[in-house]
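Student: One file is attached below, upload-v5.tsv, containing TSV, C-alpha atoms.
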```tsv
chain	number	residue	atom	x	y	z
X	1	MET	CA	-6.44	-13.36	-12.67
X	2	SER	CA	-6.10	-16.58	-10.77
X	3	PRO	CA	-7.28	-16.98	-7.17
X	4	GLU	CA	-3.61	-17.53	-6.33
X	5	ASP	CA	-2.75	-14.04	-7.61
X	6	ILE	CA	-5.52	-12.56	-5.54
X	7	ARG	CA	-4.32	-14.41	-2.44
X	8	LEU	CA	-0.82	-13.01	-2.95
X	9	ARG	CA	-2.22	-9.50	-3.24
X	10	ARG	CA	-4.35	-9.74	-0.14
X	11	GLY	CA	-1.44	-8.61	1.97
X	12	GLY	CA	-2.61	-5.04	1.40
X	13	ASP	CA	0.41	-4.04	-0.67
X	14	SER	CA	-0.75	-0.90	-2.46
X	15	ALA	CA	1.64	-1.44	-5.40
X	16	ALA	CA	0.08	-4.86	-6.04
X	17	PHE	CA	-3.35	-3.28	-5.68
X	18	GLY	CA	-2.29	-0.69	-8.27
X	19	SER	CA	-1.63	-3.43	-10.80
X	20	LEU	CA	-5.12	-4.87	-10.15
X	21	VAL	CA	-6.63	-1.43	-10.75
X	22	ARG	CA	-4.66	-0.96	-13.98
X	23	GLN	CA	-5.76	-4.38	-15.19
X	24	HIS	CA	-9.48	-3.85	-14.59
X	25	GLN	CA	-10.01	-0.08	-14.81
X	26	SER	CA	-10.94	0.07	-18.49
X	27	SER	CA	-13.64	-2.61	-18.44
X	28	LEU	CA	-15.04	-1.46	-15.09
X	29	ARG	CA	-15.21	2.19	-16.16
X	30	GLY	CA	-16.74	1.12	-19.48
X	31	PHE	CA	-19.39	-0.89	-17.63
X	32	LEU	CA	-20.18	2.03	-15.32
X	33	LEU	CA	-20.18	4.45	-18.23
X	34	ARG	CA	-22.91	2.40	-19.84
X	35	LEU	CA	-24.85	2.15	-16.56
X	36	THR	CA	-24.66	5.91	-16.02
X	37	ARG	CA	-25.73	6.57	-19.62
X	38	GLY	CA	-22.44	8.15	-20.60
X	39	ASP	CA	-21.85	10.35	-17.54
X	40	HIS	CA	-18.03	10.19	-17.46
X	41	ALA	CA	-17.61	12.08	-14.18
X	42	LEU	CA	-20.14	9.95	-12.31
X	43	ALA	CA	-18.79	6.72	-13.84
X	44	ASP	CA	-15.26	7.62	-12.71
X	45	ASP	CA	-16.41	8.59	-9.21
X	46	LEU	CA	-18.23	5.28	-8.88
X	47	ALA	CA	-15.27	3.34	-10.29
X	48	GLN	CA	-13.01	4.94	-7.65
X	49	GLU	CA	-15.43	3.96	-4.90
X	50	VAL	CA	-15.63	0.42	-6.28
X	51	PHE	CA	-11.85	-0.02	-6.22
X	52	ILE	CA	-11.52	1.49	-2.74
X	53	GLU	CA	-14.23	-0.85	-1.44
X	54	ALA	CA	-12.53	-3.77	-3.19
X	55	PHE	CA	-9.23	-2.81	-1.53
X	56	ARG	CA	-10.87	-2.84	1.90
X	57	LYS	CA	-12.72	-6.10	1.26
X	58	LEU	CA	-10.06	-8.01	-0.68
X	59	GLY	CA	-9.91	-10.50	2.18
X	60	GLN	CA	-13.58	-11.35	1.64
X	61	TYR	CA	-13.05	-12.42	-1.98
X	62	ASP	CA	-13.17	-16.20	-1.78
X	63	GLY	CA	-11.81	-16.87	-5.28
X	64	ARG	CA	-14.85	-18.96	-6.30
X	65	GLY	CA	-16.18	-16.64	-9.02
X	66	SER	CA	-14.01	-14.48	-11.27
X	67	PHE	CA	-12.36	-11.44	-9.70
X	68	ALA	CA	-13.87	-9.24	-12.44
X	69	GLY	CA	-17.32	-10.61	-11.55
X	70	TRP	CA	-16.72	-9.67	-7.93
X	71	LEU	CA	-15.76	-6.14	-9.01
X	72	TYR	CA	-18.89	-5.83	-11.18
X	73	ALA	CA	-21.01	-6.93	-8.22
X	74	ILE	CA	-19.57	-4.09	-6.14
X	75	ALA	CA	-20.03	-1.72	-9.09
X	76	TRP	CA	-23.68	-2.68	-9.50
X	77	SER	CA	-24.34	-2.19	-5.81
X	78	ARG	CA	-22.58	1.21	-5.85
X	79	PHE	CA	-24.52	2.24	-8.95
X	80	ARG	CA	-27.82	1.33	-7.29
X	81	MET	CA	-26.86	3.35	-4.22
X	82	ALA	CA	-26.07	6.32	-6.46
X	83	VAL	CA	-29.40	5.93	-8.25
X	84	ARG	CA	-31.24	6.00	-4.93
X	85	LYS	CA	-29.21	8.95	-3.74
X	86	ARG	CA	-29.29	11.06	-6.87
X	87	ARG	CA	-32.52	9.80	-8.44
X	88	LEU	CA	-30.69	9.21	-11.72
X	89	GLU	CA	-33.43	7.09	-13.20
X	90	ALA	CA	-36.01	9.77	-12.48
X	91	LEU	CA	-34.86	11.33	-15.72
X	92	ASP	CA	-37.35	10.84	-18.50
X	93	GLU	CA	-36.21	8.74	-21.41
X	94	GLU	CA	-36.43	11.81	-23.62
X	95	ASP	CA	-33.96	13.53	-21.32
X	96	VAL	CA	-31.21	11.05	-22.10
X	97	PRO	CA	-28.20	13.27	-22.82
X	98	ASP	CA	-26.34	13.15	-26.13
X	99	SER	CA	-23.26	12.16	-24.12
X	100	ALA	CA	-25.00	8.81	-23.60
X	101	ALA	CA	-22.77	7.64	-26.41
X	102	PRO	CA	-19.00	7.48	-25.89
X	103	ALA	CA	-17.26	10.60	-27.12
X	104	SER	CA	-14.93	8.82	-29.48
X	105	GLY	CA	-13.83	5.52	-30.87
X	106	GLY	CA	-17.22	4.25	-31.94
X	107	SER	CA	-18.79	3.63	-35.33
X	108	GLU	CA	-22.18	5.07	-36.19
X	109	ALA	CA	-23.80	1.76	-35.30
X	110	ARG	CA	-22.09	1.70	-31.92
X	111	LEU	CA	-23.15	5.24	-31.17
X	112	ASP	CA	-26.71	4.29	-32.02
X	113	LEU	CA	-26.41	1.23	-29.78
X	114	GLU	CA	-25.22	3.35	-26.87
X	115	LYS	CA	-28.13	5.77	-27.34
X	116	ALA	CA	-30.59	2.89	-27.51
X	117	MET	CA	-28.96	1.23	-24.49
X	118	ALA	CA	-29.47	4.44	-22.53
X	119	LYS	CA	-33.22	4.00	-22.94
X	120	LEU	CA	-33.26	0.53	-21.33
X	121	ALA	CA	-33.85	-0.14	-17.66
X	122	PRO	CA	-30.60	-0.28	-15.64
X	123	ALA	CA	-30.91	-4.02	-14.96
X	124	GLU	CA	-31.42	-4.68	-18.68
X	125	ARG	CA	-28.37	-2.54	-19.55
X	126	ALA	CA	-26.30	-4.30	-16.93
X	127	SER	CA	-27.41	-7.83	-17.92
X	128	LEU	CA	-26.82	-7.24	-21.63
X	129	THR	CA	-23.42	-5.62	-21.03
X	130	LEU	CA	-22.19	-8.35	-18.69
X	131	CYS	CA	-23.40	-11.22	-20.88
X	132	PHE	CA	-22.41	-9.82	-24.27
X	133	ALA	CA	-19.70	-7.14	-24.18
X	134	LEU	CA	-17.99	-8.54	-21.09
X	135	GLY	CA	-18.50	-12.19	-22.03
X	136	MET	CA	-19.92	-13.45	-18.74
X	137	SER	CA	-22.22	-16.43	-18.50
X	138	HIS	CA	-25.81	-15.93	-17.38
X	139	GLU	CA	-24.90	-17.57	-14.05
X	140	GLU	CA	-21.97	-15.20	-13.51
X	141	ALA	CA	-24.15	-12.21	-14.36
X	142	ALA	CA	-26.80	-13.46	-11.93
X	143	MET	CA	-24.15	-13.64	-9.21
X	144	ALA	CA	-22.80	-10.18	-10.01
X	145	LEU	CA	-26.20	-8.52	-10.09
X	146	LYS	CA	-27.53	-10.66	-7.22
X	147	LEU	CA	-30.60	-11.59	-9.24
X	148	PRO	CA	-32.15	-14.99	-9.93
X	149	LEU	CA	-30.99	-16.68	-13.15
X	150	GLY	CA	-34.50	-16.50	-14.63
X	151	THR	CA	-34.65	-12.76	-14.03
X	152	ILE	CA	-31.34	-12.26	-15.85
X	153	LYS	CA	-32.63	-14.26	-18.80
X	154	SER	CA	-35.82	-12.21	-18.98
X	155	HIS	CA	-33.86	-8.94	-18.67
X	156	ILE	CA	-31.72	-10.05	-21.61
X	157	SER	CA	-34.67	-11.14	-23.69
X	158	ARG	CA	-36.68	-7.98	-22.93
X	159	GLY	CA	-33.63	-5.77	-23.46
X	160	ARG	CA	-32.90	-7.34	-26.83
X	161	GLU	CA	-36.46	-6.85	-27.99
X	162	LYS	CA	-36.40	-3.21	-26.93
X	163	LEU	CA	-33.08	-2.67	-28.70
X	164	LYS	CA	-34.40	-4.24	-31.88
X	165	THR	CA	-37.36	-1.86	-31.81
X	166	LEU	CA	-35.21	1.16	-30.97
X	167	LEU	CA	-32.68	0.29	-33.68
X	168	ALA	CA	-35.30	-0.69	-36.25
X	169	GLY	CA	-34.52	2.32	-38.38
X	170	TRP	CA	-30.79	1.68	-38.21
X	171	GLU	CA	-30.57	-0.65	-41.21
X	172	ARG	CA	-32.63	1.71	-43.31
X	173	ASN	CA	-30.47	4.68	-42.29
X	174	GLU	CA	-27.29	2.74	-43.04
X	175	ARG	CA	-28.29	2.26	-46.68
M	1	MET	CA	-32.01	-4.91	-37.54
M	2	ASN	CA	-31.93	-8.69	-37.39
M	3	ASP	CA	-30.76	-10.90	-34.51
M	4	ASN	CA	-27.29	-11.48	-35.96
M	5	GLN	CA	-26.61	-7.78	-36.45
M	6	LEU	CA	-27.78	-7.04	-32.92
M	7	ASP	CA	-25.62	-9.86	-31.53
M	8	ASP	CA	-22.59	-8.51	-33.39
M	9	LEU	CA	-23.15	-5.06	-31.93
M	10	LEU	CA	-23.77	-6.34	-28.42
M	11	ASN	CA	-20.79	-8.70	-28.52
M	12	ALA	CA	-18.37	-5.94	-29.47
M	13	PRO	CA	-16.11	-5.24	-26.47
M	14	LEU	CA	-16.70	-2.01	-24.59
M	15	ILE	CA	-14.64	0.88	-25.91
M	16	ALA	CA	-11.32	1.00	-24.05
M	17	VAL	CA	-11.14	3.79	-21.47
M	18	ALA	CA	-7.69	5.39	-21.25
M	19	ASP	CA	-6.15	5.26	-17.78
M	20	ASN	CA	-5.01	8.93	-17.74
M	21	GLY	CA	-3.76	8.69	-14.16
M	22	PHE	CA	-6.92	7.01	-12.84
M	23	SER	CA	-5.08	3.99	-11.41
M	24	ALA	CA	-2.51	6.21	-9.69
M	25	ARG	CA	-5.26	8.36	-8.13
M	26	VAL	CA	-7.13	5.30	-6.88
M	27	THR	CA	-4.02	3.69	-5.44
M	28	ALA	CA	-3.03	6.91	-3.68
M	29	ARG	CA	-6.55	7.27	-2.26
M	30	ALA	CA	-6.50	3.66	-1.04
M	31	ARG	CA	-3.14	4.29	0.67
M	32	ARG	CA	-4.44	7.45	2.35
M	33	GLN	CA	-7.59	5.68	3.48
M	34	ARG	CA	-5.62	2.82	5.00
M	35	LEU	CA	-3.47	5.33	6.85
M	36	ARG	CA	-6.57	7.14	8.14
M	37	GLU	CA	-8.00	3.84	9.35
M	38	GLN	CA	-4.76	2.96	11.17
M	39	VAL	CA	-4.24	6.32	12.91
M	40	PRO	CA	-7.13	6.08	15.44
M	41	PHE	CA	-5.97	2.58	16.42
M	42	LEU	CA	-2.38	3.75	16.94
M	43	VAL	CA	-3.56	6.77	18.93
M	44	ALA	CA	-5.71	4.52	21.12
M	45	VAL	CA	-2.76	2.20	21.77
M	46	LEU	CA	-0.50	5.15	22.65
M	47	ILE	CA	-3.10	6.62	25.02
M	48	CYS	CA	-3.55	3.25	26.74
M	49	ALA	CA	0.22	2.87	27.04
M	50	ALA	CA	0.55	6.38	28.47
M	51	VAL	CA	-2.16	5.65	31.06
M	52	VAL	CA	-0.76	2.28	32.10
M	53	LEU	CA	2.97	3.09	31.99
M	54	PRO	CA	3.22	5.01	35.31
M	55	PHE	CA	1.84	1.98	37.15
M	56	VAL	CA	4.20	-0.55	35.58
M	57	PRO	CA	7.26	-1.43	37.70
M	58	LEU	CA	9.66	-1.09	34.78
M	59	ARG	CA	12.86	-1.35	36.83
M	60	GLN	CA	11.83	-4.61	38.44
M	61	ILE	CA	10.68	-6.08	35.12
M	62	THR	CA	13.94	-5.08	33.39
M	63	ALA	CA	15.98	-6.51	36.23
M	64	ALA	CA	14.09	-9.80	36.02
M	65	ILE	CA	14.25	-10.12	32.23
M	66	ALA	CA	17.83	-9.00	31.56
M	67	PRO	CA	19.50	-12.21	32.81
M	68	LEU	CA	17.07	-14.33	30.77
M	69	LEU	CA	17.70	-12.44	27.52
M	70	THR	CA	21.45	-12.81	27.74
M	71	GLY	CA	21.18	-16.57	28.31
M	72	MET	CA	21.67	-19.22	25.61
M	73	PRO	CA	18.04	-20.52	25.43
M	74	ALA	CA	16.65	-17.01	24.88
M	75	SER	CA	19.20	-16.29	22.12
M	76	LEU	CA	18.27	-19.55	20.36
M	77	ALA	CA	14.56	-18.77	20.61
M	78	ILE	CA	15.07	-15.27	19.16
M	79	ALA	CA	17.23	-16.65	16.34
M	80	ALA	CA	14.53	-19.25	15.52
M	81	LEU	CA	11.86	-16.54	15.43
M	82	VAL	CA	13.95	-14.32	13.13
M	83	LEU	CA	14.70	-17.24	10.79
M	84	THR	CA	11.03	-18.30	10.64
M	85	PHE	CA	9.91	-14.74	9.90
M	86	THR	CA	12.55	-14.29	7.16
M	87	ALA	CA	11.71	-17.62	5.52
M	88	GLU	CA	7.98	-16.86	5.61
M	89	ARG	CA	8.55	-13.44	3.97
M	90	ALA	CA	10.74	-15.00	1.28
M	91	LEU	CA	8.11	-17.65	0.49
M	92	THR	CA	5.31	-15.04	0.31
M	93	GLN	CA	7.29	-12.84	-2.08
M	94	ARG	CA	8.23	-15.73	-4.40
```
Would it be possible to restate this file's structure as structure tokens?

Tutor:
Amino acid sequence: MSPEDIRLRRGGDSAAFGSLVRQHQSSLRGFLLRLTRGDHALADDLAQEVFIEAFRKLGQYDGRGSFAGWLYAIAWSRFRMAVRKRRLEALDEEDVPDSAAPASGGSEARLDLEKAMAKLAPAERASLTLCFALGMSHEEAAMALKLPLGTIKSHISRGREKLKTLLAGWERNER
Amino acid sequence: MNDNQLDDLLNAPLIAVADNGFSARVTARARRQRLREQVPFLVAVLICAAVVLPFVPLRQITAAIAPLLTGMPASLAIAALVLTFTAERALTQR
């Protein structure tokens, strides 16, 4: 979406806002689903709050970064608020629910990845998801998560190492 | 698992989440919220108007303005305003 499109939609027209929601809902809900370790209801609640906040603050989007990046920044901030409020991360790693993996549409390897992802720290999950699955640069991810570039790089590196350890048995199981 | 296999897994796009009415619900909620935000402002304006109105000399104001509005300069000014507004709307929608 070009900055021009966003400017045209800033008028507050709810139909135009609807098309923005339709365009970004899948990736945003997917991102939140991964952050919430597969909690569909919570991910959808947060996604709704993100879009409502975006609707109110559309005038503040300056068009410098990508619109999706701006949405992910709101999503990350909303997720952190929810964590503080509901103590989501107080769950032990062993308590990660089986629903941590998407219910359908994934291969065995992807299901294993989702389960392993659920055991990472939230910032590691978010950094890896933004930079790999969502194709953002490290700089864009740093902007979205409001973290220094170096921190993003170390989250990615640490997250990858953890995933490799967690998925070490994967290759053997595949055979 | 080697680096390439992990990269392939991580690079795979997130599984698509079906809309299932989500966008419609969000848009409706945004519309309701905007309405809720506007109502207190409108109520405040109406209350202010109701308080001030009894003290406004409406008859004298109407009598003073009526001749001006029917004159040529006022008609031209109103026409210019209407044309500007229409043109601006057309340009925004294009």

Student: Calculate, to one decimal in Å, the centre and edge lengths of the box along x, y and z of the file that holds all listed atoms of stretch 19-28 of chain M with 8 Å of margin on each side, and present them as AutoDock Vina command-line options.

Tutor:
```
--center_x -4.8 --center_y 6.3 --center_z -10.7 --size_x 20.6 --size_y 21.2 --size_z 30.1
```

Student: Show me, as a list in words, the residues of chain M whose atoms get within 6 Å of chain X, using only C-alpha atoms for the distance check.

Tutor: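 Written out as asked, the residues are Met1, Leu10, Asn11, Ala12, Pro13, Leu14, Ala16, Val17, Ser23, Val26, Thr27 and Ala30 of chain M.
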
Student: As an exercise, work out the distance from atom CA of M:Ile61 to atom CA of M:Ala77 in Å and give it to one decimal place.

Tutor: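 Separating atom CA of M:Ile61 from atom CA of M:Ala77 is a distance of 19.7 Å.
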
Student: Separation of atom CA of X:Phe67 and atom CA of M:Phe22, in Å?

Tutor: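 Answer for the atom CA of X:Phe67 to atom CA of M:Phe22 separation: 19.5 Å.
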
Student: Figure out the distance between atom CA of M:Ile47 and atom CA of M:Thr62, please, to one decimal in Å.

Tutor: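 These atoms are spaced 22.3 Å apart.
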
Student: Determine the nearest neighbour of X:Tyr61 from the options X:Ile74, X:Glu139, X:Ala118, X:Ala82, counting only C-alpha atoms.

Tutor: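 Residue with the minimum atom-to-atom distance to X:Tyr61: X:Ile74.
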
Student: Atoms are missing here; could stretch 1-18 of chain M be completed with N, CA and C atoms and written as a CSV table (one decimal), keeping the file's coordinate frame?

Tutor:
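This went into rebuild-v3.csv:
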```
chain,number,residue,atom,x,y,z
M,1,MET,N,-33.2,-4.2,-38.0
M,1,MET,CA,-32.0,-4.9,-37.5
M,1,MET,C,-32.4,-6.3,-37.2
M,2,ASN,N,-31.6,-7.3,-37.7
M,2,ASN,CA,-31.9,-8.7,-37.4
M,2,ASN,C,-31.1,-9.2,-36.2
M,3,ASP,N,-31.4,-10.4,-35.7
M,3,ASP,CA,-30.8,-10.9,-34.5
M,3,ASP,C,-29.2,-10.9,-34.6
M,4,ASN,N,-28.7,-11.4,-35.8
M,4,ASN,CA,-27.3,-11.5,-36.0
M,4,ASN,C,-26.6,-10.1,-35.9
M,5,GLN,N,-27.2,-9.1,-36.5
M,5,GLN,CA,-26.6,-7.8,-36.4
M,5,GLN,C,-26.6,-7.3,-35.0
M,6,LEU,N,-27.7,-7.5,-34.3
M,6,LEU,CA,-27.8,-7.0,-32.9
M,6,LEU,C,-26.7,-7.8,-32.1
M,7,ASP,N,-26.6,-9.1,-32.3
M,7,ASP,CA,-25.6,-9.9,-31.5
M,7,ASP,C,-24.2,-9.3,-31.8
M,8,ASP,N,-23.9,-9.0,-33.1
M,8,ASP,CA,-22.6,-8.5,-33.4
M,8,ASP,C,-22.3,-7.2,-32.6
M,9,LEU,N,-23.3,-6.4,-32.6
M,9,LEU,CA,-23.2,-5.1,-31.9
M,9,LEU,C,-23.0,-5.3,-30.4
M,10,LEU,N,-23.8,-6.1,-29.9
M,10,LEU,CA,-23.8,-6.3,-28.4
M,10,LEU,C,-22.5,-7.1,-28.0
M,11,ASN,N,-22.0,-7.9,-28.9
M,11,ASN,CA,-20.8,-8.7,-28.5
M,11,ASN,C,-19.5,-7.9,-28.6
M,12,ALA,N,-19.6,-6.8,-29.3
M,12,ALA,CA,-18.4,-5.9,-29.5
M,12,ALA,C,-17.9,-5.5,-28.1
M,13,PRO,N,-16.6,-5.6,-27.8
M,13,PRO,CA,-16.1,-5.2,-26.5
M,13,PRO,C,-16.4,-3.8,-26.2
M,14,LEU,N,-16.5,-3.4,-24.9
M,14,LEU,CA,-16.7,-2.0,-24.6
M,14,LEU,C,-15.5,-1.2,-25.1
M,15,ILE,N,-15.7,0.0,-25.4
M,15,ILE,CA,-14.6,0.9,-25.9
M,15,ILE,C,-13.6,1.1,-24.8
M,16,ALA,N,-12.3,0.9,-25.1
M,16,ALA,CA,-11.3,1.0,-24.0
M,16,ALA,C,-11.3,2.4,-23.5
M,17,VAL,N,-11.2,2.5,-22.1
M,17,VAL,CA,-11.1,3.8,-21.5
M,17,VAL,C,-9.7,4.0,-21.1
M,18,ALA,N,-9.1,5.1,-21.6
M,18,ALA,CA,-7.7,5.4,-21.2
M,18,ALA,C,-7.5,5.6,-19.8
```
